[in-house]
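Shown here: input20.tsv, TSV, C-alpha atoms.
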```tsv
chain	number	residue	atom	x	y	z
A	2	MET	CA	-157.87	217.61	107.73
A	3	ILE	CA	-156.44	221.02	106.81
A	4	ARG	CA	-154.22	221.06	109.91
A	5	ARG	CA	-152.87	217.60	109.09
A	6	HIS	CA	-152.18	218.71	105.53
A	7	TRP	CA	-150.04	221.64	106.73
A	8	ILE	CA	-148.10	219.46	109.17
A	9	ILE	CA	-147.20	217.05	106.36
A	10	LEU	CA	-146.10	219.92	104.12
A	11	PHE	CA	-143.99	221.36	106.94
A	12	LEU	CA	-142.19	218.06	107.56
A	13	LEU	CA	-141.54	217.49	103.86
A	14	GLY	CA	-140.26	221.04	103.48
A	15	ALA	CA	-137.87	220.65	106.40
A	16	ALA	CA	-136.53	217.41	104.94
A	17	ALA	CA	-136.08	219.01	101.52
A	18	LEU	CA	-134.05	221.81	103.04
A	19	ASN	CA	-131.85	219.22	104.79
A	20	HIS	CA	-132.65	220.67	108.22
A	21	PRO	CA	-132.97	218.43	111.28
A	22	LEU	CA	-136.61	217.63	111.86
A	23	PRO	CA	-138.11	218.81	115.13
A	24	VAL	CA	-138.56	216.07	117.71
A	25	LEU	CA	-142.21	216.17	118.63
A	26	GLY	CA	-143.46	215.23	122.06
A	27	GLU	CA	-140.04	214.70	123.65
A	28	ASP	CA	-138.45	216.63	126.49
A	29	VAL	CA	-134.84	217.64	126.94
A	30	SER	CA	-134.01	214.77	129.28
A	31	SER	CA	-135.21	212.28	126.69
A	32	LEU	CA	-133.05	213.92	124.02
A	33	ILE	CA	-130.00	213.85	126.28
A	34	ASN	CA	-130.58	210.16	126.93
A	35	GLN	CA	-130.78	209.54	123.18
A	36	ALA	CA	-127.54	211.45	122.61
A	37	ASN	CA	-125.79	209.64	125.46
A	38	ALA	CA	-126.82	206.30	123.95
A	39	ALA	CA	-125.47	207.32	120.55
A	40	TYR	CA	-122.21	208.60	122.02
A	41	ALA	CA	-121.74	205.28	123.83
A	42	LYS	CA	-121.39	203.76	120.33
A	43	ARG	CA	-118.70	206.27	119.37
A	44	GLU	CA	-116.47	203.74	117.64
A	45	ASP	CA	-119.02	204.23	114.86
A	46	LEU	CA	-118.43	207.86	113.86
A	47	SER	CA	-121.91	208.17	112.40
A	48	GLN	CA	-123.26	207.62	115.93
A	49	VAL	CA	-121.06	210.39	117.33
A	50	ARG	CA	-122.34	212.77	114.69
A	51	ILE	CA	-125.88	211.84	115.66
A	52	ALA	CA	-125.03	212.43	119.32
A	53	MET	CA	-123.50	215.84	118.59
A	54	ASP	CA	-126.55	216.89	116.56
A	55	ILE	CA	-129.00	215.81	119.26
A	56	TYR	CA	-127.00	217.52	122.02
A	57	GLU	CA	-127.06	220.77	120.05
A	58	ARG	CA	-130.78	220.50	119.33
A	59	ALA	CA	-131.53	219.76	122.96
A	60	ALA	CA	-129.45	222.71	124.13
A	61	THR	CA	-131.53	225.20	122.17
A	62	GLY	CA	-134.67	224.38	124.11
A	63	ALA	CA	-133.16	223.56	127.50
A	64	ASP	CA	-132.86	225.46	130.74
A	65	ALA	CA	-129.37	226.67	131.63
A	66	PRO	CA	-128.11	223.60	133.57
A	67	HIS	CA	-129.26	221.18	130.86
A	68	ALA	CA	-127.97	223.45	128.10
A	69	VAL	CA	-124.53	223.53	129.73
A	70	GLU	CA	-124.49	219.73	129.83
A	71	CYS	CA	-125.57	219.52	126.20
A	72	TYR	CA	-122.97	222.00	124.98
A	73	TRP	CA	-119.98	220.41	126.73
A	74	LYS	CA	-121.04	216.94	125.65
A	75	ALA	CA	-121.42	218.20	122.08
A	76	SER	CA	-117.93	219.70	122.40
A	77	ARG	CA	-116.59	216.34	123.54
A	78	SER	CA	-118.31	214.69	120.57
A	79	ALA	CA	-116.71	217.19	118.18
A	80	TRP	CA	-113.29	216.42	119.71
A	81	TRP	CA	-113.79	212.70	119.14
A	82	ILE	CA	-114.80	213.21	115.51
A	83	GLY	CA	-111.84	215.53	114.98
A	84	GLN	CA	-109.47	212.93	116.38
A	85	HIS	CA	-110.70	210.43	113.79
A	86	ALA	CA	-110.98	212.79	110.81
A	87	ASP	CA	-109.00	211.76	107.73
A	88	ASP	CA	-107.19	215.02	107.03
A	89	ARG	CA	-105.94	218.07	108.88
A	90	ALA	CA	-108.50	220.40	107.35
A	91	ALA	CA	-111.39	218.28	108.64
A	92	GLN	CA	-109.69	217.96	112.01
A	93	GLN	CA	-109.49	221.72	112.31
A	94	VAL	CA	-113.16	222.13	111.36
A	95	TYR	CA	-114.36	219.77	114.09
A	96	HIS	CA	-112.00	221.05	116.75
A	97	GLN	CA	-113.07	224.61	115.97
A	98	LYS	CA	-116.67	223.49	116.37
A	99	GLY	CA	-115.71	221.85	119.65
A	100	MET	CA	-114.22	225.12	120.87
A	101	ASP	CA	-117.33	227.08	119.91
A	102	LEU	CA	-119.63	224.64	121.69
A	103	ALA	CA	-117.54	224.63	124.88
A	104	LYS	CA	-117.55	228.43	124.93
A	105	LYS	CA	-121.36	228.39	124.87
A	106	ALA	CA	-121.34	226.18	127.95
A	107	ILE	CA	-118.85	228.44	129.72
A	108	HIS	CA	-120.93	231.50	128.86
A	109	LEU	CA	-123.84	229.89	130.72
A	110	ASN	CA	-121.72	228.54	133.58
A	111	PRO	CA	-118.14	229.80	134.03
A	112	ASP	CA	-117.58	227.11	136.68
A	113	CYS	CA	-118.27	224.13	134.44
A	114	VAL	CA	-115.07	222.08	134.69
A	115	GLU	CA	-116.09	219.84	131.79
A	116	ALA	CA	-116.53	222.79	129.45
A	117	HIS	CA	-113.13	224.27	130.34
A	118	PHE	CA	-111.46	220.90	129.84
A	119	TRP	CA	-112.98	220.24	126.43
A	120	LEU	CA	-112.35	223.80	125.32
A	121	GLY	CA	-108.67	223.36	126.17
A	122	GLY	CA	-108.62	219.86	124.67
A	123	ASN	CA	-110.09	221.08	121.39
A	124	GLN	CA	-107.69	224.04	121.36
A	125	GLY	CA	-104.73	221.72	121.76
A	126	SER	CA	-105.94	219.33	119.08
A	127	PHE	CA	-106.73	222.23	116.74
A	128	GLY	CA	-103.20	223.55	117.23
A	129	GLU	CA	-101.71	220.13	116.56
A	130	ALA	CA	-103.73	219.75	113.37
A	131	LYS	CA	-102.72	223.22	112.22
A	132	GLY	CA	-99.10	222.74	113.21
A	133	VAL	CA	-97.45	223.63	116.50
A	134	LEU	CA	-95.34	226.46	115.11
A	135	LYS	CA	-98.37	227.94	113.32
A	136	SER	CA	-100.51	227.96	116.45
A	137	LEU	CA	-98.20	229.13	119.23
A	138	SER	CA	-100.68	231.88	120.06
A	139	MET	CA	-103.01	229.16	121.38
A	140	VAL	CA	-100.60	228.04	124.09
A	141	LYS	CA	-101.67	230.82	126.43
A	142	LEU	CA	-105.34	229.99	125.81
A	143	ILE	CA	-104.84	226.30	126.58
A	144	ARG	CA	-102.94	227.10	129.77
A	145	HIS	CA	-105.75	229.41	130.85
A	146	GLU	CA	-108.39	226.72	130.39
A	147	MET	CA	-106.28	224.14	132.22
A	148	ALA	CA	-105.77	226.60	135.09
A	149	GLU	CA	-109.56	226.82	135.32
A	150	VAL	CA	-109.81	223.03	135.42
A	151	ILE	CA	-107.26	222.89	138.25
A	152	ARG	CA	-109.20	225.61	140.10
A	153	LEU	CA	-112.43	223.66	139.80
A	154	ASN	CA	-111.35	220.01	140.04
A	155	ASP	CA	-107.91	218.80	139.00
A	156	HIS	CA	-109.03	215.16	139.37
A	157	TYR	CA	-111.52	215.51	136.51
A	158	LEU	CA	-110.99	212.67	134.02
A	159	SER	CA	-108.31	211.07	136.22
A	160	GLY	CA	-106.10	214.16	136.29
A	161	GLY	CA	-106.32	214.67	132.53
A	162	VAL	CA	-105.49	218.36	133.00
A	163	TYR	CA	-101.91	217.39	133.79
A	164	HIS	CA	-101.36	215.24	130.71
A	165	VAL	CA	-102.73	218.13	128.63
A	166	LEU	CA	-100.28	220.54	130.26
A	167	GLY	CA	-97.49	217.98	129.94
A	168	ALA	CA	-98.18	217.55	126.24
A	169	VAL	CA	-98.11	221.32	125.73
A	170	ASP	CA	-94.78	221.55	127.56
A	171	TYR	CA	-93.00	218.84	125.58
A	172	LYS	CA	-94.44	219.82	122.19
A	173	VAL	CA	-93.89	223.56	122.46
A	174	PRO	CA	-90.32	224.84	121.95
A	175	GLY	CA	-88.51	226.12	125.01
A	176	PHE	CA	-88.12	229.62	123.59
A	177	VAL	CA	-91.90	230.11	123.83
A	178	GLY	CA	-92.35	228.55	127.24
A	179	GLY	CA	-92.12	224.79	126.74
A	180	SER	CA	-90.20	222.69	129.26
A	181	LYS	CA	-89.29	219.01	129.08
A	182	LYS	CA	-88.53	219.00	132.80
A	183	ARG	CA	-91.91	220.45	133.71
A	184	ALA	CA	-93.61	218.15	131.21
A	185	LYS	CA	-92.25	215.06	132.95
A	186	GLU	CA	-93.44	216.35	136.33
A	187	GLU	CA	-96.92	217.05	134.97
A	188	LEU	CA	-97.18	213.68	133.25
A	189	GLU	CA	-96.09	211.86	136.40
A	190	LYS	CA	-98.66	213.85	138.37
A	191	ALA	CA	-101.39	212.80	135.94
A	192	LEU	CA	-100.35	209.17	136.34
A	193	ALA	CA	-100.36	209.45	140.13
A	194	ILE	CA	-103.96	210.70	140.04
A	195	GLY	CA	-105.13	208.29	137.34
A	196	PRO	CA	-102.86	205.22	137.17
A	197	LYS	CA	-105.40	203.32	135.07
A	198	ASP	CA	-106.22	206.11	132.64
A	199	PRO	CA	-105.13	205.21	129.05
A	200	PHE	CA	-104.38	208.81	128.07
A	201	ASN	CA	-102.09	209.34	131.05
A	202	HIS	CA	-100.01	206.34	129.96
A	203	TYR	CA	-100.10	207.31	126.28
A	204	TYR	CA	-98.79	210.83	126.75
A	205	LEU	CA	-96.02	209.63	129.02
A	206	LEU	CA	-95.13	207.06	126.34
A	207	GLU	CA	-95.08	209.80	123.69
A	208	PHE	CA	-92.90	211.98	125.90
A	209	CYS	CA	-90.45	209.13	126.53
A	210	ALA	CA	-90.27	208.29	122.83
A	211	LEU	CA	-89.58	211.95	122.04
A	212	THR	CA	-86.86	212.30	124.68
A	213	GLY	CA	-85.17	209.00	123.87
A	214	ASP	CA	-86.20	207.00	126.94
A	215	LYS	CA	-86.95	203.87	124.91
A	216	ALA	CA	-87.09	201.52	127.90
A	217	ARG	CA	-89.80	203.58	129.64
A	218	ALA	CA	-91.68	203.98	126.36
A	219	ARG	CA	-91.74	200.21	125.88
A	220	ALA	CA	-92.85	199.74	129.49
A	221	GLU	CA	-95.74	202.16	128.97
A	222	MET	CA	-96.63	200.34	125.74
A	223	GLU	CA	-96.85	197.06	127.64
A	224	ILE	CA	-99.05	198.67	130.29
A	225	LEU	CA	-101.40	199.94	127.58
A	226	ARG	CA	-101.56	196.49	125.99
A	227	THR	CA	-102.68	194.86	129.24
A	228	LEU	CA	-104.65	197.70	130.82
A	229	ASN	CA	-108.13	196.88	132.02
A	230	VAL	CA	-110.70	199.66	131.89
A	231	PRO	CA	-114.47	199.85	132.45
A	232	PRO	CA	-116.51	198.96	129.35
A	233	GLU	CA	-117.50	202.59	128.80
A	234	ASP	CA	-113.79	203.55	128.45
A	235	GLU	CA	-112.83	200.82	125.98
A	236	PRO	CA	-113.12	203.06	122.87
A	237	GLU	CA	-110.53	205.45	124.37
A	238	LEU	CA	-108.24	202.57	125.28
A	239	LYS	CA	-108.40	201.14	121.75
A	240	MET	CA	-107.71	204.58	120.28
A	241	VAL	CA	-104.57	205.19	122.31
A	242	GLN	CA	-103.38	201.60	121.84
A	243	GLU	CA	-103.47	202.13	118.08
A	244	LYS	CA	-101.73	205.50	118.36
A	245	ALA	CA	-99.07	204.04	120.64
A	246	SER	CA	-98.43	201.11	118.30
A	247	ARG	CA	-97.90	203.48	115.37
A	248	LEU	CA	-95.60	205.63	117.47
A	249	ILE	CA	-93.47	202.72	118.69
A	250	LYS	CA	-93.11	201.36	115.14
```
Turn the structure described in the file into structure tokens.
Amino acid sequence: MIRRHWIILFLLGAAALNHPLPVLGEDVSSLINQANAAYAKREDLSQVRIAMDIYERAATGADAPHAVECYWKASRSAWWIGQHADDRAAQQVYHQKGMDLAKKAIHLNPDCVEAHFWLGGNQGSFGEAKGVLKSLSMVKLIRHEMAEVIRLNDHYLSGGVYHVLGAVDYKVPGFVGGSKKRAKEELEKALAIGPKDPFNHYYLLEFCALTGDKARARAEMEILRTLNVPPEDEPELKMVQEKASRLIK
């Protein structure tokens, strides 16, 4: 009876302090499965936040391989939330968190391609939220992470490394290393690796709109409208379709 009394007090105290309650009787694999299921519902941002929280909790009690998986998936979750945040300040908070989480994964496994990709992705999105000219110091960091992705597996996420590099090259001024010519080559390379990837089409559309190639931009818009993707990729497709529609308008 006394033991039960203390357990109840402990749980109530944890709730009062607004700390996540410990998950009793569950192993790391079970937690990862819970987080994966929540992330699959990512169009509901509350589910992504749940996923990110569970990934982090699981990582603290996991062995190195599972912890690496948890940290990079939590980083990916933070990126998604940051992309849908209402204001730039919130975007920066989540992308900073995404960077921190990815670095934890890299610390445990320097050859984790996923961690390098999401570190670079969060760095790029953080810089965009802060303002390109205010975050030029991050360009070198992003390029470093993308070089690691290429070293490990440049086909990860349908060649996403090349649309990241392309976006950096067409958004960054030439006097600090940007290049529209190189950007086009990188974006075309991404599309060659992943012709059905929504992001590869979106960033080429954005590049064409920026450089005045309206015909190609409209063609890419039409491809995005009719693109078929696996069910698990539909949230990403909807996201870039909405972004592309706003850009074309």
Legend entry - Selected residue of minimal separation from A:Leu238 among A:Asn201, A:Ser136, A:Thr212, A:Ser31, counting all atoms listed in the file: A:Asn201
Starting from 5 Å padding per side, set up an axis-aligned box that covers all listed atoms of stretch 62-78 of chain A and hand over centre and edge lengths in Å, one decimal, as lines of an AutoDock Vina configuration file.
```
center_x = -125.6
center_y = 220.7
center_z = 127.1
size_x = 28.1
size_y = 22.0
size_z = 23.0
```
Legend entry - Which of A:Leu137, A:Ala65, A:Asp88, A:Tyr56 sits closest to A:Pro111 [using all atoms listed in the file]: A:Ala65
Inset, instruction - Using only C-alpha atoms, pick whichever of A:Ala36, A:Leu120, A:Ala168, A:Ala245 has the shortest atom-to-atom distance to A:Met53. - result: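 The shortest atom-to-atom distance to A:Met53 comes from A:Ala36.
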Residues at most 12 Å from A:His96, counting all atoms listed in the file, excluding those fewer than 6 positions away in the same chain, as a tab-separated table (two decimals) with C-alpha atoms, keeping the file's coordinate frame?
```
chain	number	residue	atom	x	y	z
A	75	ALA	CA	-121.42	218.20	122.08
A	76	SER	CA	-117.93	219.70	122.40
A	77	ARG	CA	-116.59	216.34	123.54
A	78	SER	CA	-118.31	214.69	120.57
A	79	ALA	CA	-116.71	217.19	118.18
A	80	TRP	CA	-113.29	216.42	119.71
A	81	TRP	CA	-113.79	212.70	119.14
A	82	ILE	CA	-114.80	213.21	115.51
A	83	GLY	CA	-111.84	215.53	114.98
A	84	GLN	CA	-109.47	212.93	116.38
A	85	HIS	CA	-110.70	210.43	113.79
A	86	ALA	CA	-110.98	212.79	110.81
A	89	ARG	CA	-105.94	218.07	108.88
A	90	ALA	CA	-108.50	220.40	107.35
A	102	LEU	CA	-119.63	224.64	121.69
A	103	ALA	CA	-117.54	224.63	124.88
A	119	TRP	CA	-112.98	220.24	126.43
A	120	LEU	CA	-112.35	223.80	125.32
A	121	GLY	CA	-108.67	223.36	126.17
A	122	GLY	CA	-108.62	219.86	124.67
A	123	ASN	CA	-110.09	221.08	121.39
A	124	GLN	CA	-107.69	224.04	121.36
A	125	GLY	CA	-104.73	221.72	121.76
A	126	SER	CA	-105.94	219.33	119.08
A	127	PHE	CA	-106.73	222.23	116.74
A	128	GLY	CA	-103.20	223.55	117.23
A	129	GLU	CA	-101.71	220.13	116.56
A	130	ALA	CA	-103.73	219.75	113.37
A	131	LYS	CA	-102.72	223.22	112.22
```
Legend entry - Atom-to-atom span, atom CA of A:Ala60 and atom CA of A:Asp234, Å: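 Pair atom CA of A:Ala60 / atom CA of A:Asp234 returns 25.1 Å.
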Legend entry - Between atom CA of A:Arg152 and atom CA of A:His67 - distance in Å to one decimal: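 So the answer is 22.5 Å.
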Inset, instruction - Using all atoms listed in the file, collect all residues at a distance of at most 10 Å from (-141.2, 223.0, 130.4) as written in the file, then present them as a VMD selection string. - result: chain A and resid 28 to 29 62 to 64
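If you look at atom CA of A:Val140 and atom CA of A:Asp170, they are 9.4 Å away from each other.
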Legend entry - Expected answer as a VMD selection string: all residues with atoms within 8 Å of (-102.7, 216.1, 140.2), only C-alpha atoms: chain A and resid 155 to 156 160 163 187 190 to 191 193 to 194
Inset, instruction - Do a neighbour search on A:Leu248 at 10 Å with all atoms listed in the file, toss out local chain neighbours closer than 3 positions, and write the hits as a VMD selection string. - result: chain A and resid 206 to 207 210 to 211 218 222 242 to 245
Inset, instruction - Would you please work out which residue, of A:Val150, A:Ile33, A:Val94, A:Phe176, is nearest to A:Glu70 when using all atoms listed in the file? - result: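 Checking each of A:Val150, A:Ile33, A:Val94, A:Phe176 against A:Glu70, counting all atoms listed in the file, the winner is A:Ile33.
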Legend entry - Among listed residues A:Leu32, A:Ala41, A:Ala184, A:Met147, nearest A:Arg58 (using only C-alpha atoms):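 Checking each of A:Leu32, A:Ala41, A:Ala184, A:Met147 against A:Arg58, counting only C-alpha atoms, the winner is A:Leu32.
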Legend entry - Spatial neighbours of A:Val49, 7 Å, all atoms listed in the file, chain gap at least 3 places, as a ChimeraX atom specification: /A:39-40,43,45-46,52-53,78
